[in-house]
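Student: Sharing a structure with you now.
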Amino acid sequence: MDYLVFLSSLGFFIYLKRFTDLIGLAIGKMKTISSGMGEIKFFIKNFFLSLNLPMITAQTYGDFVIDGAKLSDLKEVNYLVRTLKDGVGFGLSRCILYTIAGGKLLVVTRRLSKSVPKVIGVDVFYFNKRDLAENTVHEGFIGVESTFQGRGLSLAMRSHALEHFRKSSISGISTRISVSNEASYRSAAKLGFRIIERYLDKNMGEERCYLIRHF
Ligand SMILES: CC(C)(COP(=O)(O)OP(=O)(O)OC[C@H]1O[C@@H](n2cnc3c(N)ncnc32)[C@H](O)[C@@H]1OP(=O)(O)O)[C@@H](O)C(=O)NCCC(=O)NCCS
């Protein structure tokens, strides 16, 4: 009798385990589908909003030129972002978006002194849900190759971006900066970005600020 009870309990637990595995699998699939849908929505929204933006114009800055990204820059831009962001580059939706609208949403710095120009700085923009509500555009990332840091290039790219987006109907630029990132914060503050809120980013485990530079 005890033997039968043992076998039926074992069967029940195996059944329960399979059932919970299936639920886990279904939740995983739903998360993948919903993140895929999110990526598609992000692309469509940003594609249509970019139609109203002018092209970023080129401007010389010493041995560098600050410009909108061309198709030929994208590989180097993605490499730079990956290098400066712990290996995280653009996802598929951003790759497609910047292939189409990089000249309106990506400010790059190219070094001119070598025979082949090379991208050594990038300022990345897109529209989030909050930007739509507040009529801003989001600076998702700014980065300068380590050898060229400290030469005022972040200030130059941010100023260029301010001039560029000022030409559209957008009323400001938003960004998020970790409190510990003194270089990025100083550059933003110098150009008039003001802290709107301070919060703890649980995913990053860091204190961060949401800032806006109104035009
Ligand atoms: C943040 C970053 C883009 C700044 O670029 P940069 O071209 O080196 O910065 P700039 O030369 O334009 O300097 C801007 C201001 O920051 C200051 N600054 C630059 N590096 C600094 C540092 N390491 N610590 C403190 N202040 C610094 C400069 O002195 C300058 O202020 P000042 O004009 O009052 O002197 C660059 O450090 C970087 O790529 N970091 C890695 C990626 C990153 O953290 N991106 C930001 C994500 S939000």
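Chain identifiers are assigned as A, B, and so on, following the order in which chains appear in the structure tokens; residues are numbered from 1 within each chain, and ligands are numbered from 1 in order of appearance.
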May I have a table of the residues of chain A lying at most 10 Å from ligand 1, giving each one's closest pair of atoms and their distance in Å to one decimal, counting only C-alpha atoms and all ligand atoms, ordered by chain and ascending residue number, as CSV?

Tutor:
residue,atom,partner,partner_atom_place_in_ligand_line,distance
A:Leu80,CA,ligand 1,39 (O),9.3
A:Val81,CA,ligand 1,42 (C),8.3
A:Thr83,CA,ligand 1,42 (C),9.0
A:Leu84,CA,ligand 1,42 (C),5.2
A:Lys85,CA,ligand 1,42 (C),6.7
A:Asp86,CA,ligand 1,42 (C),9.7
A:Ile120,CA,ligand 1,39 (O),9.5
A:Gly121,CA,ligand 1,39 (O),7.6
A:Val122,CA,ligand 1,3 (C),8.4
A:Asp123,CA,ligand 1,3 (C),8.4
A:Glu139,CA,ligand 1,48 (S),8.3
A:Gly140,CA,ligand 1,48 (S),7.4
A:Phe141,CA,ligand 1,47 (C),5.2
A:Ile142,CA,ligand 1,45 (N),4.9
A:Gly143,CA,ligand 1,39 (O),3.3
A:Val144,CA,ligand 1,39 (O),3.8
A:Glu145,CA,ligand 1,39 (O),6.1
A:Ser146,CA,ligand 1,39 (O),6.6
A:Thr147,CA,ligand 1,8 (O),9.0
A:Phe148,CA,ligand 1,8 (O),6.8
A:Gln149,CA,ligand 1,8 (O),3.3
A:Gly150,CA,ligand 1,11 (O),3.3
A:Arg151,CA,ligand 1,11 (O),4.1
A:Gly152,CA,ligand 1,12 (O),3.2
A:Leu153,CA,ligand 1,7 (O),3.9
A:Ser154,CA,ligand 1,12 (O),3.7
A:Leu155,CA,ligand 1,12 (O),4.2
A:Ala156,CA,ligand 1,12 (O),6.7
A:Met157,CA,ligand 1,12 (O),8.3
A:Arg158,CA,ligand 1,12 (O),8.7
A:Thr175,CA,ligand 1,48 (S),7.4
A:Arg176,CA,ligand 1,48 (S),6.2
A:Ile177,CA,ligand 1,48 (S),4.6
A:Ser178,CA,ligand 1,48 (S),6.9
A:Val179,CA,ligand 1,48 (S),9.8
A:Ser180,CA,ligand 1,44 (O),9.5
A:Asn181,CA,ligand 1,44 (O),6.2
A:Glu182,CA,ligand 1,25 (C),4.9
A:Ala183,CA,ligand 1,27 (C),3.7
A:Ser184,CA,ligand 1,1 (C),3.8
A:Tyr185,CA,ligand 1,16 (O),7.2
A:Arg186,CA,ligand 1,16 (O),4.7
A:Ser187,CA,ligand 1,14 (C),4.1
A:Ala188,CA,ligand 1,14 (C),7.8
A:Ala189,CA,ligand 1,15 (C),8.9
A:Lys190,CA,ligand 1,34 (O),7.0
A:Leu191,CA,ligand 1,14 (C),9.7
A:Arg208,CA,ligand 1,48 (S),9.7
A:Cys209,CA,ligand 1,48 (S),9.9

Student: Could you turn the residues from that selection into a file that holds N, CA and C atoms, as a tab-separated table (two decimals), in the first residue's frame?

Tutor:
chain	number	residue	atom	x	y	z
A	80	LEU	N	32.14	51.34	-31.88
A	80	LEU	CA	32.47	52.31	-30.83
A	80	LEU	C	31.49	52.19	-29.66
A	81	VAL	N	30.19	52.10	-29.99
A	81	VAL	CA	29.18	51.98	-28.94
A	81	VAL	C	29.43	50.70	-28.13
A	83	THR	N	32.23	49.07	-27.74
A	83	THR	CA	33.47	49.18	-26.97
A	83	THR	C	33.24	49.99	-25.69
A	84	LEU	N	32.46	51.08	-25.81
A	84	LEU	CA	32.29	51.98	-24.66
A	84	LEU	C	31.15	51.56	-23.74
A	85	LYS	N	30.30	50.62	-24.22
A	85	LYS	CA	29.12	50.24	-23.42
A	85	LYS	C	29.18	48.78	-23.00
A	86	ASP	N	30.33	48.32	-22.56
A	86	ASP	CA	30.49	46.94	-22.07
A	86	ASP	C	29.95	45.90	-23.04
A	120	ILE	N	35.31	58.52	-34.36
A	120	ILE	CA	35.90	58.41	-33.02
A	120	ILE	C	34.94	58.96	-31.94
A	121	GLY	N	33.76	59.43	-32.39
A	121	GLY	CA	32.78	59.90	-31.41
A	121	GLY	C	31.38	59.74	-31.95
A	122	VAL	N	30.43	59.52	-31.03
A	122	VAL	CA	29.04	59.37	-31.48
A	122	VAL	C	28.07	59.88	-30.41
A	123	ASP	N	27.00	60.51	-30.86
A	123	ASP	CA	25.93	60.97	-29.97
A	123	ASP	C	24.63	60.41	-30.58
A	139	GLU	N	18.66	61.59	-25.89
A	139	GLU	CA	20.06	61.25	-26.16
A	139	GLU	C	20.31	59.94	-25.42
A	140	GLY	N	20.37	58.83	-26.17
A	140	GLY	CA	20.49	57.51	-25.55
A	140	GLY	C	21.91	57.17	-25.16
A	141	PHE	N	22.89	57.75	-25.85
A	141	PHE	CA	24.29	57.47	-25.52
A	141	PHE	C	25.19	58.49	-26.18
A	142	ILE	N	26.23	58.90	-25.45
A	142	ILE	CA	27.29	59.71	-26.07
A	142	ILE	C	28.61	59.04	-25.71
A	143	GLY	N	29.52	58.96	-26.67
A	143	GLY	CA	30.80	58.32	-26.38
A	143	GLY	C	31.90	58.84	-27.29
A	144	VAL	N	33.10	58.93	-26.72
A	144	VAL	CA	34.28	59.36	-27.47
A	144	VAL	C	35.37	58.31	-27.25
A	145	GLU	N	36.01	57.88	-28.34
A	145	GLU	CA	37.08	56.88	-28.22
A	145	GLU	C	38.10	57.35	-27.19
A	146	SER	N	38.58	56.43	-26.34
A	146	SER	CA	39.38	56.85	-25.17
A	146	SER	C	40.57	57.75	-25.51
A	147	THR	N	41.27	57.49	-26.63
A	147	THR	CA	42.44	58.31	-27.00
A	147	THR	C	42.06	59.77	-27.25
A	148	PHE	N	40.80	60.01	-27.61
A	148	PHE	CA	40.39	61.37	-27.99
A	148	PHE	C	39.54	62.06	-26.92
A	149	GLN	N	39.43	61.42	-25.75
A	149	GLN	CA	38.64	62.04	-24.67
A	149	GLN	C	39.38	63.24	-24.08
A	150	GLY	N	38.62	64.17	-23.51
A	150	GLY	CA	39.23	65.33	-22.84
A	150	GLY	C	39.63	66.45	-23.80
A	151	ARG	N	39.13	66.39	-25.05
A	151	ARG	CA	39.48	67.46	-26.02
A	151	ARG	C	38.26	68.30	-26.39
A	152	GLY	N	37.23	68.18	-25.60
A	152	GLY	CA	36.02	68.98	-25.85
A	152	GLY	C	35.09	68.40	-26.90
A	153	LEU	N	35.31	67.12	-27.28
A	153	LEU	CA	34.47	66.57	-28.37
A	153	LEU	C	33.03	66.27	-27.93
A	154	SER	N	32.85	65.91	-26.66
A	154	SER	CA	31.46	65.67	-26.22
A	154	SER	C	30.70	66.99	-26.23
A	155	LEU	N	31.38	68.05	-25.80
A	155	LEU	CA	30.74	69.38	-25.82
A	155	LEU	C	30.39	69.77	-27.25
A	156	ALA	N	31.33	69.50	-28.17
A	156	ALA	CA	31.11	69.88	-29.58
A	156	ALA	C	29.95	69.08	-30.19
A	157	MET	N	29.89	67.78	-29.90
A	157	MET	CA	28.79	66.97	-30.47
A	157	MET	C	27.44	67.35	-29.86
A	158	ARG	N	27.44	67.59	-28.54
A	158	ARG	CA	26.17	67.97	-27.90
A	158	ARG	C	25.69	69.33	-28.41
A	175	THR	N	18.03	63.20	-21.45
A	175	THR	CA	19.10	62.20	-21.35
A	175	THR	C	19.11	61.61	-19.95
A	176	ARG	N	19.81	60.48	-19.78
A	176	ARG	CA	19.97	59.87	-18.46
A	176	ARG	C	21.46	59.72	-18.21
A	177	ILE	N	21.93	60.17	-17.04
A	177	ILE	CA	23.36	60.07	-16.74
A	177	ILE	C	23.55	59.51	-15.33
A	178	SER	N	24.49	58.59	-15.15
A	178	SER	CA	24.79	58.06	-13.82
A	178	SER	C	25.47	59.17	-13.02
A	179	VAL	N	25.10	59.27	-11.75
A	179	VAL	CA	25.67	60.31	-10.90
A	179	VAL	C	27.20	60.20	-10.87
A	180	SER	N	27.69	58.95	-10.98
A	180	SER	CA	29.16	58.73	-10.91
A	180	SER	C	29.89	59.15	-12.20
A	181	ASN	N	29.15	59.42	-13.28
A	181	ASN	CA	29.80	59.75	-14.56
A	181	ASN	C	30.05	61.27	-14.67
A	182	GLU	N	31.10	61.69	-14.00
A	182	GLU	CA	31.39	63.12	-13.89
A	182	GLU	C	31.62	63.78	-15.26
A	183	ALA	N	32.36	63.06	-16.15
A	183	ALA	CA	32.68	63.63	-17.46
A	183	ALA	C	31.40	63.93	-18.24
A	184	SER	N	30.48	62.95	-18.29
A	184	SER	CA	29.25	63.16	-19.05
A	184	SER	C	28.37	64.22	-18.39
A	185	TYR	N	28.30	64.18	-17.03
A	185	TYR	CA	27.46	65.15	-16.34
A	185	TYR	C	27.99	66.58	-16.54
A	186	ARG	N	29.31	66.76	-16.42
A	186	ARG	CA	29.87	68.11	-16.56
A	186	ARG	C	29.61	68.67	-17.95
A	187	SER	N	29.79	67.79	-18.97
A	187	SER	CA	29.56	68.25	-20.33
A	187	SER	C	28.09	68.65	-20.54
A	188	ALA	N	27.18	67.82	-20.02
A	188	ALA	CA	25.75	68.12	-20.18
A	188	ALA	C	25.37	69.39	-19.42
A	189	ALA	N	25.85	69.50	-18.17
A	189	ALA	CA	25.49	70.65	-17.33
A	189	ALA	C	25.99	71.95	-17.95
A	190	LYS	N	27.19	71.88	-18.55
A	190	LYS	CA	27.79	73.06	-19.18
A	190	LYS	C	26.93	73.58	-20.34
A	191	LEU	N	26.20	72.64	-20.96
A	191	LEU	CA	25.37	73.03	-22.11
A	191	LEU	C	23.91	73.29	-21.72
A	208	ARG	N	21.01	57.45	-10.76
A	208	ARG	CA	21.05	58.12	-12.06
A	208	ARG	C	20.17	59.36	-12.05
A	209	CYS	N	20.36	60.21	-13.06
A	209	CYS	CA	19.55	61.42	-13.19
A	209	CYS	C	18.86	61.44	-14.54

Student: Residues at most 10 Å from Asp131 (chain A), counting only C-alpha atoms, excluding those fewer than 6 positions away in the same chain, as a PyMOL selection string?

Tutor: chain A and resi 137-138+170-174

Student: Which polymer residues have any atom within 10 Å of an atom of Thr60 (chain A), counting only C-alpha atoms, with same-chain residues fewer than 4 positions away left out, as a PyMOL selection string?

Tutor: chain A and resi 64-67+109-110+112

Student: Just the residues within 8 Å of Gly89 (chain A), please, counting only C-alpha atoms, with nothing from its chain fewer than 6 positions along; format it as a ChimeraX atom specification.

Tutor: /A:78-79,81-82

Student: What lies within 6 Å of region 194-196 of chain A using only C-alpha atoms, ignoring chain neighbours under 4 positions off, as JSON, numbers by chain?

Tutor: {"A": [210, 211, 212]}

Student: Could you pull out the residues in region 18-208 of chain A that DSSP calls helix (DSSP H, G or I) from the backbone, as a count of residues only?

Tutor: 93

Student: From the options A:Glu134, A:Glu197, A:Asp63, A:Glu163, which residue's atoms come nearest to Phe215 (chain A), counting only C-alpha atoms?

Tutor: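 So, comparing all the options, the nearest one is A:Glu163.
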
Student: At what distance in Å, to one decimal, does CA of Ala133 (chain A) lie from CA of Met55 (chain A)?

Tutor: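 Value for the CA of Met55 (chain A)-CA of Ala133 (chain A) distance: 23.6 Å.
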
Student: DSSP on the backbone, then: every residue of region 49-193 of chain A marked strand (DSSP E or B), written as JSON, numbers by chain.

Tutor: {"A": [59, 60, 61, 64, 65, 66, 67, 68, 106, 107, 108, 109, 110, 111, 118, 119, 120, 121, 122, 123, 124, 125, 126, 136, 137, 138, 139, 140, 141, 142, 143, 144, 172, 173, 174, 175, 176, 177, 178]}

Student: Name the residues in contact with Leu74 (chain A) at a cut-off of 8 Å, using only C-alpha atoms, excluding same-chain residues fewer than 5 positions from it; report them as JSON, numbers by chain.

Tutor: {"A": [69, 98, 99]}

Student: Work out how far apart CA of Thr136 (chain A) and CA of Ile96 (chain A) are and give it in Å to one decimal.

Tutor: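 Taking CA of Thr136 (chain A) and CA of Ile96 (chain A), their separation equals 21.9 Å.
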
Student: Provide the CA of Tyr199 (chain A) to CA of His214 (chain A) distance in Å, to one decimal place.

Tutor: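 That distance, rounded to one decimal, is 20.7 Å.
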